[in-house]
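Asks: Sharing my_file_22.txt below, compact mmCIF, C-alpha atoms:
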```txt
# COMPACT_ATOMS: atom_id res chain seq x y z
CA MET A 1 -5.73 2.58 -31.83
CA PRO A 2 -2.83 2.15 -29.47
CA VAL A 3 -1.93 -1.43 -30.51
CA ARG A 4 -1.54 -0.40 -34.12
CA HIS A 5 0.75 2.48 -33.25
CA ALA A 6 2.61 0.49 -30.62
CA LEU A 7 3.52 -2.01 -33.33
CA LEU A 8 4.62 0.84 -35.60
CA ALA A 9 6.85 2.24 -32.85
CA LEU A 10 8.36 -1.16 -32.10
CA LEU A 11 9.13 -1.52 -35.81
CA ALA A 12 10.63 1.97 -35.83
CA GLN A 13 13.23 0.63 -33.37
CA GLN A 14 14.22 -2.22 -35.70
CA PRO A 15 12.64 -4.69 -38.15
CA ARG A 16 10.98 -7.52 -36.24
CA TYR A 17 9.16 -10.83 -36.66
CA GLY A 18 5.53 -11.11 -35.57
CA TYR A 19 6.24 -13.19 -32.46
CA GLU A 20 9.02 -10.77 -31.51
CA LEU A 21 6.57 -7.87 -31.70
CA HIS A 22 4.14 -9.72 -29.47
CA ALA A 23 6.84 -10.42 -26.88
CA ALA A 24 8.16 -6.85 -27.01
CA PHE A 25 4.65 -5.43 -26.52
CA GLU A 26 3.98 -7.72 -23.59
CA ALA A 27 7.26 -6.80 -21.90
CA LEU A 28 6.50 -3.10 -22.32
CA VAL A 29 3.01 -3.18 -20.80
CA GLY A 30 4.14 -5.35 -17.90
CA GLY A 31 2.65 -8.68 -18.85
CA GLN A 32 -0.60 -10.00 -20.23
CA GLN A 33 -2.44 -9.38 -16.96
CA ASN A 34 -2.15 -5.67 -17.80
CA TRP A 35 -2.91 -5.88 -21.49
CA ASP A 36 -3.89 -9.15 -23.08
CA LEU A 37 -2.84 -8.91 -26.71
CA LYS A 38 -3.38 -12.13 -28.63
CA PRO A 39 -0.71 -13.18 -31.16
CA ALA A 40 -3.47 -13.42 -33.79
CA GLN A 41 -4.24 -9.73 -33.28
CA VAL A 42 -0.60 -8.90 -33.91
CA TYR A 43 -0.74 -10.69 -37.27
CA THR A 44 -4.07 -9.19 -38.36
CA THR A 45 -2.83 -5.73 -37.36
CA LEU A 46 0.40 -6.26 -39.30
CA LEU A 47 -1.67 -7.28 -42.30
CA ARG A 48 -3.76 -4.12 -42.08
CA LEU A 49 -0.68 -1.95 -41.58
CA THR A 50 0.89 -3.57 -44.65
CA GLU A 51 -2.23 -2.97 -46.72
CA ALA A 52 -2.21 0.68 -45.63
CA GLY A 53 1.41 0.96 -46.74
CA LEU A 54 2.69 1.81 -43.24
CA VAL A 55 4.62 -1.43 -42.90
CA ARG A 56 6.25 -3.72 -45.46
CA LEU A 57 8.02 -7.06 -45.59
CA SER A 58 11.73 -6.75 -45.17
CA GLU A 59 13.91 -8.35 -47.80
CA SER A 60 16.14 -9.89 -45.19
CA GLY A 61 13.27 -12.09 -43.94
CA GLU A 62 13.65 -15.84 -44.04
CA GLY A 63 10.57 -16.84 -45.98
CA ALA A 64 6.91 -16.43 -46.74
CA GLU A 65 5.51 -18.36 -43.77
CA THR A 66 3.69 -16.20 -41.22
CA ASP A 67 6.22 -16.61 -38.44
CA LYS A 68 9.23 -16.19 -40.72
CA ARG A 69 8.26 -12.85 -42.21
CA LEU A 70 10.32 -9.90 -41.05
CA PHE A 71 8.45 -6.59 -40.97
CA GLU A 72 9.82 -3.06 -41.24
CA ILE A 73 8.28 0.40 -41.04
CA THR A 74 7.86 2.51 -44.23
CA PRO A 75 8.37 6.32 -44.48
CA GLU A 76 4.55 6.67 -44.45
CA GLY A 77 4.53 4.58 -41.31
CA GLN A 78 7.09 6.92 -39.72
CA LYS A 79 4.86 9.89 -40.58
CA GLU A 80 1.79 8.19 -39.08
CA LEU A 81 3.77 7.32 -35.95
CA GLN A 82 4.83 10.97 -35.52
CA ASN A 83 1.21 12.12 -35.89
CA TRP A 84 0.11 9.67 -33.23
CA LEU A 85 2.91 10.57 -30.81
CA HIS A 86 2.10 14.28 -30.97
CA SER A 87 -1.66 14.07 -30.82
CA GLU A 88 -3.60 13.90 -27.54
CA THR A 89 -4.37 10.53 -26.01
CA ALA A 90 -8.03 9.64 -25.55
CA LEU A 91 -9.13 9.63 -21.90
CA GLU A 92 -10.79 6.57 -20.40
CA PRO A 93 -14.57 6.79 -20.09
CA GLN A 94 -16.25 6.80 -16.66
CA ARG A 95 -17.08 3.12 -16.80
CA ASP A 96 -16.93 1.74 -13.28
CA ALA A 97 -18.20 -1.72 -12.40
CA PHE A 98 -18.25 -0.96 -8.68
CA TYR A 99 -20.32 2.19 -9.16
CA LEU A 100 -22.82 0.16 -11.15
CA LYS A 101 -23.00 -2.53 -8.46
CA LEU A 102 -23.42 0.05 -5.71
CA MET A 103 -26.24 1.94 -7.43
CA LEU A 104 -28.07 -1.26 -8.28
CA ALA A 105 -27.67 -2.49 -4.70
CA LEU A 106 -29.16 0.79 -3.47
CA SER A 107 -32.02 0.52 -5.94
CA ILE A 108 -33.12 -2.88 -4.62
CA GLY A 109 -32.74 -1.86 -1.00
CA GLU A 110 -29.63 -3.96 -0.27
CA GLU A 111 -27.44 -2.96 2.69
CA VAL A 112 -24.45 -1.39 0.94
CA ARG A 113 -21.91 -0.93 3.75
CA PRO A 114 -20.77 -4.58 3.57
CA ILE A 115 -20.40 -4.19 -0.20
CA VAL A 116 -18.17 -1.15 0.33
CA ARG A 117 -16.08 -3.10 2.87
CA VAL A 118 -15.49 -6.04 0.56
CA GLN A 119 -14.31 -3.66 -2.12
CA ARG A 120 -12.08 -1.74 0.28
CA THR A 121 -10.36 -4.95 1.37
CA ALA A 122 -9.87 -5.93 -2.28
CA LEU A 123 -8.31 -2.54 -3.08
CA TYR A 124 -6.00 -2.69 -0.07
CA ARG A 125 -4.92 -6.23 -1.01
CA ARG A 126 -4.05 -5.09 -4.49
CA LEU A 127 -2.23 -2.09 -3.08
CA HIS A 128 -0.31 -4.39 -0.74
CA GLN A 129 0.77 -6.62 -3.67
CA LEU A 130 1.81 -3.64 -5.75
CA THR A 131 3.69 -2.12 -2.84
CA THR A 132 5.65 -5.33 -2.44
CA GLN A 133 6.45 -5.51 -6.17
CA ARG A 134 7.28 -1.81 -6.19
CA GLN A 135 9.77 -2.32 -3.34
CA GLU A 136 11.39 -5.25 -5.14
CA ALA A 137 11.78 -3.41 -8.45
CA ASP A 138 15.26 -2.07 -9.14
CA PRO A 139 15.09 1.68 -9.92
CA ARG A 140 18.35 1.45 -11.88
CA ARG A 141 16.98 -1.06 -14.39
CA GLU A 142 13.22 -1.15 -14.12
CA LEU A 143 12.11 2.47 -14.10
CA ALA A 144 9.55 1.87 -16.87
CA LYS A 145 7.92 -0.85 -14.80
CA ILE A 146 8.03 1.35 -11.70
CA LEU A 147 6.29 4.22 -13.50
CA LEU A 148 3.49 1.90 -14.53
CA MET A 149 3.16 0.54 -10.99
CA ASP A 150 3.13 4.08 -9.59
CA LYS A 151 0.20 4.86 -11.82
CA ALA A 152 -1.66 1.80 -10.56
CA VAL A 153 -0.84 2.72 -6.94
CA MET A 154 -2.15 6.26 -7.40
CA HIS A 155 -5.36 5.00 -8.99
CA LEU A 156 -5.90 2.59 -6.08
CA GLU A 157 -5.34 5.43 -3.63
CA ALA A 158 -7.93 7.49 -5.48
CA ASP A 159 -10.38 4.57 -5.44
CA LEU A 160 -9.88 4.15 -1.69
CA ARG A 161 -10.52 7.86 -1.11
CA TRP A 162 -13.60 7.59 -3.27
CA LEU A 163 -14.89 4.66 -1.15
CA ASP A 164 -14.40 6.74 2.01
CA MET A 165 -16.38 9.52 0.41
CA ILE A 166 -19.16 7.14 -0.60
CA GLU A 167 -19.34 5.78 2.94
CA ALA A 168 -19.48 9.26 4.40
CA ARG A 169 -22.34 10.28 2.10
CA LEU A 170 -24.23 7.00 2.06
CA ASP A 171 -27.20 8.18 4.15
CA GLU A 172 -27.62 11.20 1.89
CA VAL A 173 -27.40 9.12 -1.28
CA CYS A 174 -30.04 6.71 0.03
CA GLN A 175 -32.49 9.60 0.41
CA GLN A 176 -32.14 10.76 -3.16
CA PRO A 177 -33.77 9.21 -6.20
CA LEU A 178 -31.40 7.25 -8.42
CA PRO A 179 -30.73 8.49 -11.92
CA GLN A 180 -33.78 7.56 -14.03
CA PRO A 181 -34.09 7.47 -17.78
CA GLU A 182 -36.09 10.31 -19.30
CA LEU A 183 -38.99 8.50 -20.86
CA ARG A 184 -40.34 10.46 -23.78
CA ARG A 185 -43.88 9.86 -24.83
CA ARG A 186 -44.20 8.74 -28.42
CA GLY A 187 -46.14 10.76 -30.90
CA ARG A 188 -47.17 14.39 -30.79
CA PRO A 189 -46.87 16.28 -27.50
CA ALA A 190 -50.15 16.68 -25.68
CA ARG A 191 -51.97 19.94 -26.25
CA GLY A 192 -51.17 22.66 -23.78
CA SER A 193 -47.83 21.22 -22.67
CA MET B 194 1.34 -17.72 15.70
CA THR B 195 1.99 -16.56 19.25
CA THR B 196 -0.04 -13.65 20.45
CA ILE B 197 2.12 -10.72 21.50
CA VAL B 198 -0.60 -8.16 22.14
CA ARG B 199 -4.06 -8.99 23.46
CA VAL B 200 -6.56 -6.21 24.01
CA GLN B 201 -9.93 -7.02 25.60
CA GLY B 202 -12.90 -4.73 26.14
CA LEU B 203 -10.62 -1.72 26.11
CA SER B 204 -12.26 1.65 26.75
CA ARG B 205 -10.87 5.08 27.45
CA ILE B 206 -13.14 7.87 28.56
CA TYR B 207 -11.76 11.37 29.11
CA GLY B 208 -13.55 13.68 31.52
CA GLU B 209 -16.66 12.98 33.56
CA GLY B 210 -20.42 13.40 33.44
CA ASP B 211 -21.85 15.55 30.64
CA THR B 212 -18.45 16.49 29.28
CA ALA B 213 -17.14 12.90 29.12
CA VAL B 214 -15.66 11.91 25.76
CA THR B 215 -15.37 8.25 24.82
CA ALA B 216 -12.12 7.96 22.87
CA LEU B 217 -12.10 4.18 22.80
CA ASP B 218 -15.15 1.97 23.21
CA ARG B 219 -14.77 -1.72 24.14
CA VAL B 220 -12.07 -2.60 21.61
CA ASN B 221 -10.88 -6.19 21.19
CA LEU B 222 -7.70 -6.93 19.29
CA GLU B 223 -5.02 -9.58 19.00
CA VAL B 224 -1.70 -9.11 17.27
CA GLY B 225 0.64 -11.99 16.61
CA GLY B 226 4.43 -12.31 16.70
CA GLY B 227 6.03 -10.91 13.56
CA GLU B 228 2.77 -9.38 12.41
CA PHE B 229 2.61 -5.88 10.94
CA LEU B 230 -0.70 -4.24 11.83
CA ALA B 231 -1.87 -0.85 10.60
CA VAL B 232 -4.53 1.09 12.49
CA MET B 233 -6.50 3.51 10.36
CA GLY B 234 -9.42 5.85 10.79
CA PRO B 235 -10.43 9.50 10.66
CA SER B 236 -8.81 11.90 13.11
CA GLY B 237 -10.36 11.58 16.54
CA CYS B 238 -11.33 7.94 15.96
CA GLY B 239 -9.17 6.78 18.85
CA LYS B 240 -6.25 5.28 16.95
CA SER B 241 -3.54 7.19 18.82
CA THR B 242 -5.32 6.55 22.13
CA LEU B 243 -5.22 2.82 21.35
CA LEU B 244 -1.50 2.97 20.61
CA HIS B 245 -0.76 4.96 23.79
CA LEU B 246 -2.72 2.47 25.91
CA ILE B 247 -0.92 -0.52 24.38
CA GLY B 248 2.38 1.26 25.00
CA GLY B 249 1.48 1.85 28.65
CA LEU B 250 1.68 5.62 28.16
CA ASP B 251 -1.93 6.04 29.29
CA HIS B 252 -4.31 4.08 31.55
CA PRO B 253 -7.55 2.50 30.33
CA SER B 254 -10.92 3.35 31.87
CA ALA B 255 -11.96 -0.27 31.40
CA GLY B 256 -10.64 -3.44 29.83
CA GLU B 257 -7.31 -5.20 29.79
CA ILE B 258 -4.08 -5.17 27.77
CA GLU B 259 -1.64 -8.06 27.77
CA ILE B 260 1.84 -7.81 26.31
CA GLU B 261 3.59 -11.18 25.92
CA GLY B 262 1.09 -12.62 28.42
CA LYS B 263 1.67 -9.91 31.05
CA LYS B 264 -1.39 -7.92 32.12
CA LEU B 265 -0.44 -4.25 32.22
CA SER B 266 -2.98 -3.55 34.97
CA GLN B 267 -1.16 -5.96 37.29
CA LEU B 268 2.26 -4.34 36.88
CA ASP B 269 3.46 -1.66 39.27
CA ASP B 270 5.12 1.46 37.86
CA ALA B 271 8.64 0.05 38.08
CA HIS B 272 7.72 -3.14 36.23
CA LEU B 273 5.67 -1.25 33.67
CA THR B 274 8.63 1.05 32.98
CA GLU B 275 10.92 -1.96 32.63
CA LEU B 276 8.51 -3.70 30.22
CA ARG B 277 8.22 -0.53 28.19
CA ARG B 278 11.95 0.03 28.07
CA ARG B 279 12.96 -3.54 27.22
CA ARG B 280 10.08 -5.05 25.26
CA MET B 281 8.68 -2.05 23.37
CA GLY B 282 10.12 0.43 20.92
CA PHE B 283 8.43 3.70 19.98
CA VAL B 284 8.59 5.66 16.72
CA PHE B 285 6.83 9.03 16.55
CA GLN B 286 5.84 11.47 13.83
CA PHE B 287 8.35 14.12 14.91
CA PHE B 288 11.32 11.75 15.41
CA ASN B 289 11.97 13.15 18.96
CA LEU B 290 15.76 12.90 18.69
CA LEU B 291 17.93 14.86 21.12
CA PRO B 292 19.61 17.66 19.16
CA VAL B 293 22.81 17.62 21.26
CA LEU B 294 23.50 13.93 20.58
CA THR B 295 24.84 12.35 17.38
CA ALA B 296 22.89 9.69 15.47
CA VAL B 297 24.71 6.84 17.19
CA GLU B 298 24.36 8.46 20.64
CA ASN B 299 20.64 8.97 20.10
CA ALA B 300 20.25 5.33 19.02
CA ALA B 301 22.23 4.12 22.05
CA LEU B 302 20.22 6.15 24.57
CA PRO B 303 17.67 3.49 25.63
CA LEU B 304 20.53 1.09 26.46
CA LEU B 305 22.37 3.73 28.50
CA LEU B 306 19.15 4.44 30.42
CA ASP B 307 18.93 0.72 31.07
CA GLY B 308 22.41 0.66 32.62
CA VAL B 309 24.40 -0.79 29.71
CA LYS B 310 28.02 0.46 29.52
CA PRO B 311 28.51 3.28 26.94
CA ARG B 312 30.93 1.31 24.76
CA GLN B 313 28.63 -1.69 24.45
CA ALA B 314 25.62 0.57 23.96
CA ASN B 315 27.33 2.49 21.13
CA GLU B 316 28.43 -0.75 19.44
CA LYS B 317 24.90 -2.09 19.51
CA ALA B 318 23.52 1.23 18.25
CA ALA B 319 26.07 1.24 15.40
CA GLN B 320 24.97 -2.27 14.39
CA TRP B 321 21.39 -1.09 14.09
CA LEU B 322 22.40 2.03 12.15
CA GLU B 323 24.20 -0.30 9.78
CA GLN B 324 21.10 -2.51 9.39
CA LEU B 325 19.11 0.60 8.58
CA GLY B 326 21.65 1.82 6.01
CA LEU B 327 22.79 4.83 8.03
CA ILE B 328 26.20 3.84 9.38
CA GLU B 329 28.05 6.53 7.43
CA ARG B 330 25.90 9.15 9.16
CA SER B 331 26.43 7.87 12.70
CA GLY B 332 28.50 10.91 13.75
CA HIS B 333 25.99 13.43 12.38
CA TYR B 334 23.69 15.49 14.57
CA PRO B 335 19.93 15.44 13.91
CA HIS B 336 19.95 18.88 12.21
CA GLN B 337 22.51 17.51 9.70
CA LEU B 338 20.15 14.70 8.67
CA SER B 339 17.10 14.65 6.36
CA GLY B 340 13.70 13.80 7.79
CA GLY B 341 13.88 10.26 6.47
CA GLN B 342 17.36 9.79 7.96
CA GLN B 343 16.22 11.15 11.32
CA GLN B 344 13.33 8.71 11.31
CA ARG B 345 15.75 5.88 10.56
CA VAL B 346 17.79 6.92 13.62
CA ALA B 347 14.54 6.83 15.59
CA ILE B 348 13.90 3.28 14.34
CA ALA B 349 17.44 2.28 15.34
CA ARG B 350 16.77 3.78 18.79
CA ALA B 351 13.52 1.79 18.99
CA MET B 352 15.21 -1.46 17.88
CA VAL B 353 18.37 -1.20 19.97
CA THR B 354 16.86 -2.93 23.01
CA GLU B 355 15.64 -5.79 20.78
CA PRO B 356 11.97 -5.21 21.66
CA ALA B 357 9.21 -7.68 20.81
CA LEU B 358 6.85 -4.87 19.93
CA LEU B 359 7.35 -1.76 17.83
CA LEU B 360 4.74 1.00 18.12
CA ALA B 361 4.72 3.69 15.45
CA ASP B 362 2.43 6.73 15.59
CA GLU B 363 2.11 8.36 12.14
CA PRO B 364 5.78 7.56 11.44
CA THR B 365 5.60 9.03 7.93
CA GLY B 366 3.38 11.99 8.79
CA ASN B 367 6.25 14.42 8.46
CA LEU B 368 8.01 12.91 5.44
CA ASP B 369 7.79 13.23 1.65
CA SER B 370 6.42 10.26 -0.27
CA ARG B 371 9.80 8.74 -1.10
CA ALA B 372 11.08 8.84 2.48
CA SER B 373 7.66 7.60 3.62
CA ASP B 374 8.00 4.50 1.44
CA GLU B 375 11.48 3.90 2.83
CA ILE B 376 10.34 4.12 6.44
CA ALA B 377 7.25 1.96 5.84
CA GLY B 378 9.52 -0.54 4.05
CA LEU B 379 11.80 -0.67 7.11
CA LEU B 380 8.85 -1.28 9.44
CA ARG B 381 7.78 -4.04 7.04
CA LYS B 382 11.29 -5.49 7.37
CA ALA B 383 11.16 -5.23 11.17
CA ALA B 384 8.18 -7.59 11.03
CA SER B 385 9.11 -9.97 8.18
CA ASP B 386 12.89 -10.16 8.55
CA TRP B 387 13.49 -9.35 12.21
CA GLY B 388 10.36 -11.02 13.59
CA ARG B 389 9.06 -8.01 15.54
CA THR B 390 5.41 -7.24 16.03
CA VAL B 391 4.69 -3.82 14.56
CA ILE B 392 1.62 -1.70 15.24
CA MET B 393 1.47 1.46 13.18
CA VAL B 394 -1.09 4.24 13.25
CA THR B 395 -1.47 6.00 9.92
CA HIS B 396 -4.03 7.88 7.89
CA ASP B 397 -2.19 7.23 4.61
CA PRO B 398 -3.60 4.28 2.58
CA ARG B 399 -0.35 3.78 0.69
CA ILE B 400 1.59 3.42 3.94
CA ALA B 401 -1.07 1.17 5.50
CA ALA B 402 -0.78 -1.13 2.48
CA PHE B 403 2.70 -2.21 3.66
CA ALA B 404 1.05 -3.98 6.61
CA ASP B 405 -0.24 -7.57 6.86
CA ARG B 406 -3.54 -6.41 8.30
CA ILE B 407 -5.47 -3.20 8.75
CA VAL B 408 -8.03 -2.45 11.44
CA PHE B 409 -10.32 0.51 10.85
CA LEU B 410 -11.48 2.53 13.83
CA LYS B 411 -14.39 4.92 13.91
CA ASP B 412 -15.79 6.71 16.96
CA GLY B 413 -13.58 4.57 19.18
CA ARG B 414 -14.73 1.24 17.77
CA VAL B 415 -13.29 -1.28 15.34
CA VAL B 416 -15.65 -1.03 12.37
CA ASP B 417 -13.77 -3.12 9.83
CA GLU B 418 -10.70 -5.24 9.36
CA ALA B 419 -8.80 -6.24 6.22
CA ARG B 420 -6.17 -8.95 5.96
CA LEU B 421 -3.77 -8.07 3.15
CA SER B 422 -1.45 -11.07 3.29
CA ALA B 423 -1.68 -14.58 4.62
CA ASN B 424 -0.24 -14.72 8.14
CA GLY B 425 2.31 -17.29 9.25
CA HIS B 426 -0.32 -19.66 10.57
CA GLU B 427 -2.39 -19.53 7.39
CA GLU B 428 0.70 -19.99 5.25
CA ALA B 429 1.73 -23.03 7.29
CA GLN B 430 -1.79 -24.43 6.88
CA MET B 431 -1.68 -23.80 3.13
CA VAL B 432 1.65 -25.62 2.83
CA LYS B 433 0.25 -28.51 4.87
CA ASP B 434 -2.87 -28.67 2.69
CA ARG B 435 -0.74 -28.72 -0.44
CA MET B 436 1.52 -31.46 0.92
CA GLU B 437 -1.53 -33.57 1.78
CA ALA B 438 -2.97 -33.01 -1.69
CA LEU B 439 0.14 -34.55 -3.29
```
The structure given in the file should be rewritten as structure tokens.
Replies:
Amino acid sequence: MPVRHALLALLAQQPRYGYELHAAFEALVGGQQNWDLKPAQVYTTLLRLTEAGLVRLSESGEGAETDKRLFEITPEGQKELQNWLHSETALEPQRDAFYLKLMLALSIGEEVRPIVRVQRTALYRRLHQLTTQRQEADPRRELAKILLMDKAVMHLEADLRWLDMIEARLDEVCQQPLPQPELRRRGRPARGS
Amino acid sequence: MTTIVRVQGLSRIYGEGDTAVTALDRVNLEVGGGEFLAVMGPSGCGKSTLLHLIGGLDHPSAGEIEIEGKKLSQLDDAHLTELRRRRMGFVFQFFNLLPVLTAVENAALPLLLDGVKPRQANEKAAQWLEQLGLIERSGHYPHQLSGGQQQRVAIARAMVTEPALLLADEPTGNLDSRASDEIAGLLRKAASDWGRTVIMVTHDPRIAAFADRIVFLKDGRVVDEARLSANGHEEAQMVKDRMEAL
């Protein structure tokens, strides 16, 4: 769970209050449009981390109220953080909303070229925005932000190449059956099969 | 937005009879002042042909091109050359700098060819090298410059006559990704900051994304178009709408 470990790492830097952790996380991921972490999730995660003994209340905190509690990482927390840092990161699954739309459009006989065009324009618009932001970012201060934007740019480039490929192979795809579920008959297999 | 380039029913057919190849097939296009347009498409789609026709480097088989309201077909060779030299700037993939001239001399060349005195021409060229962040390299010869720097000299050379229209044919095709971004950023600046109309042919999506608009060519025809940013007219309209809503 990246949020859990992100909080551990932010506490490894220095003891922090809950709202501080939320702000630090948001700054790191480049804003809530990239990763919408609710403040409530920060507090529930802190609670779970505390119960697991990975985080504890710092004695220099101001009080017992939720927003006045200062949290710090424990030695167990440090160990857990190290394990996380040096283990492989899970890859994203092949879940693609556009792929789904395209295949469903094909399956009901909709003309798909206009659908591809709308998506291409959307991808180019996003790429244009990112390019502008990327140009405005200062490489001497904002390298972390630039690295994240570079990743987004490269993904958009890949998506655009993919759309070109889809368009080039559209006639072929239309002539093939769409993936169908394998329907298994219930009960015993028929004799002789 | 004033129209700088108007293309109507433009076709270009190479060869005759059975061997005729249609490079461009009845293309219509308008490009406004200060607009940055990218032309994309697979190789052989006609994008370079389109650029060459707009630049008056080739003659159409049919159709008309107007630059700043002047029909190219109605200009004689002398006037066409003058229009090309004074109102258009060209940037190519392979920079095309003269190896025996320094950066500033290369940039000043179009003015010298136009009869401007060398001292004035060099001053003007130096100003553009400064704008493009290359003034400290003005005495260097092309072989002493990186690809990105050579392309910046080529942009200075294209800008030195203060053209209305900048035509760039795969300007980043011979550059690494960092230099490519720099050059595309400068073309972006030529449109947004210096008010020039820029038409750029590219096959690179990342470079095309710097533009305000992309037209996609295939088999000599415009098959799609994408506006990436609101143009001046739309922005003005949006401001007006907002003011009225208050």
Asks: Considering all atoms listed in the file, can you say which of B:Glu209, B:Glu223, B:Asp405, B:Glu298 comes closest to chain A?
Replies: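 Residue with the minimum atom-to-atom distance to chain A: B:Asp405.
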Asks: For chain B, list the residues within 12 Å of chain A, counting only C-alpha atoms, and write the list as a ChimeraX atom specification.
Replies: /B:231,233-235,370-371,374-379,381-382,396-409,411,416-423
Asks: What is the distance, in Å and to one decimal place, between atom CA of Gly202 of chain B and atom CA of Asp270 of chain B?
Replies: 22.4 Å
Asks: Around all of segment 43-54 of chain A's listed atoms, make the axis-aligned box with 3 Å on each side and tell me centre and edge lengths in Å to one decimal, as JSON.
Replies:
```
{"center_x": -0.7, "center_y": -4.4, "center_z": -42.0, "size_x": 12.8, "size_y": 18.5, "size_z": 15.5}
```
Asks: In Å to one decimal, how far is atom CA of Val200 of chain B from atom CA of Arg350 of chain B?
Replies: 25.9 Å
Asks: Pick out the residues sitting within 10 Å of Leu244 of chain B, and hand them over as a tab-separated table (two decimals) with C-alpha atoms, in the frame of the given file; count all atoms listed in the file, and ignore anything fewer than 6 positions along from it in its own chain.
Replies:
```tsv
chain	number	residue	atom	x	y	z
B	232	VAL	CA	-4.53	1.09	12.49
B	250	LEU	CA	1.68	5.62	28.16
B	251	ASP	CA	-1.93	6.04	29.29
B	283	PHE	CA	8.43	3.70	19.98
B	360	LEU	CA	4.74	1.00	18.12
B	361	ALA	CA	4.72	3.69	15.45
B	362	ASP	CA	2.43	6.73	15.59
B	392	ILE	CA	1.62	-1.70	15.24
B	393	MET	CA	1.47	1.46	13.18
B	394	VAL	CA	-1.09	4.24	13.25
```
Asks: Find the spatial neighbours of Glu275 of chain B, counting only C-alpha atoms, within a cut-off of 12 Å - ignore same-chain residues fewer than 3 positions away - and output them as an NGL selection string.
Replies: :B and (248-249 or 265 or 268-272 or 278-282 or 303-304 or 306-308 or 354 or 356)
Asks: Residues near Gln176 of chain A, anyone? I mean within 12 Å using all atoms listed in the file, not counting same-chain ones fewer than 4 positions away, as a VMD selection string.
Replies: chain A and resid 103 106 to 107 169 to 172 180
Asks: Can you pull out every residue within 12 Å of segment 83-90 of chain A, counting all atoms listed in the file, but drop anything in the same chain fewer than 2 positions away, and send it as a PyMOL selection string?
Replies: chain A and resi 1-6+8-9+76-81+92-93
Asks: Just to be explicit: take each residue in the selection above, keep C-alpha atoms, and write the result as a CSV table (one decimal), in the frame of the given file.
Replies:
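Once written, part_8.csv looks like this:
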```
chain,number,residue,atom,x,y,z
A,1,MET,CA,-5.7,2.6,-31.8
A,2,PRO,CA,-2.8,2.2,-29.5
A,3,VAL,CA,-1.9,-1.4,-30.5
A,4,ARG,CA,-1.5,-0.4,-34.1
A,5,HIS,CA,0.8,2.5,-33.2
A,6,ALA,CA,2.6,0.5,-30.6
A,8,LEU,CA,4.6,0.8,-35.6
A,9,ALA,CA,6.8,2.2,-32.8
A,76,GLU,CA,4.6,6.7,-44.4
A,77,GLY,CA,4.5,4.6,-41.3
A,78,GLN,CA,7.1,6.9,-39.7
A,79,LYS,CA,4.9,9.9,-40.6
A,80,GLU,CA,1.8,8.2,-39.1
A,81,LEU,CA,3.8,7.3,-36.0
A,92,GLU,CA,-10.8,6.6,-20.4
A,93,PRO,CA,-14.6,6.8,-20.1
```
Asks: Atom CA of Arg16 of chain A to atom CA of Gln33 of chain A: how many Å, to one decimal?
Replies: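 A separation of 23.6 Å between them.
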Asks: When distances are computed from all atoms listed in the file, which of A:Val42, A:Asp96, A:Glu136, A:Ala152 shows the smallest separation from Glu26 of chain A?
Replies: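 The answer is A:Val42, which sits nearest to Glu26 of chain A.
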Asks: Of the residues A:Leu143, A:Leu54, A:Leu178, A:Leu70, which is the one nearest to Glu20 of chain A, using all atoms listed in the file?
Replies: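 Smallest separation from Glu20 of chain A among the options: A:Leu70.
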Asks: Which residue out of B:Leu325, B:Val198, B:Val293, B:Ala216 has the minimum interatomic distance to Leu230 of chain B when all atoms listed in the file are used?
Replies: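 For Leu230 of chain B, the nearest of the candidates is B:Val198.
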Asks: Which residue, B:Glu323, B:Val415, B:Gln343, B:Val353, has the smallest gap to Val309 of chain B when you use only C-alpha atoms?
Replies: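 Comparing B:Glu323, B:Val415, B:Gln343, B:Val353 against Val309 of chain B, the winner is B:Val353.
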Asks: For Pro39 of chain A, which of A:Asp138, A:Gly18, A:Ser60, A:Arg69 is the closest residue, counting all atoms listed in the file?
Replies: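 Among the listed residues, A:Gly18 lies closest to Pro39 of chain A.
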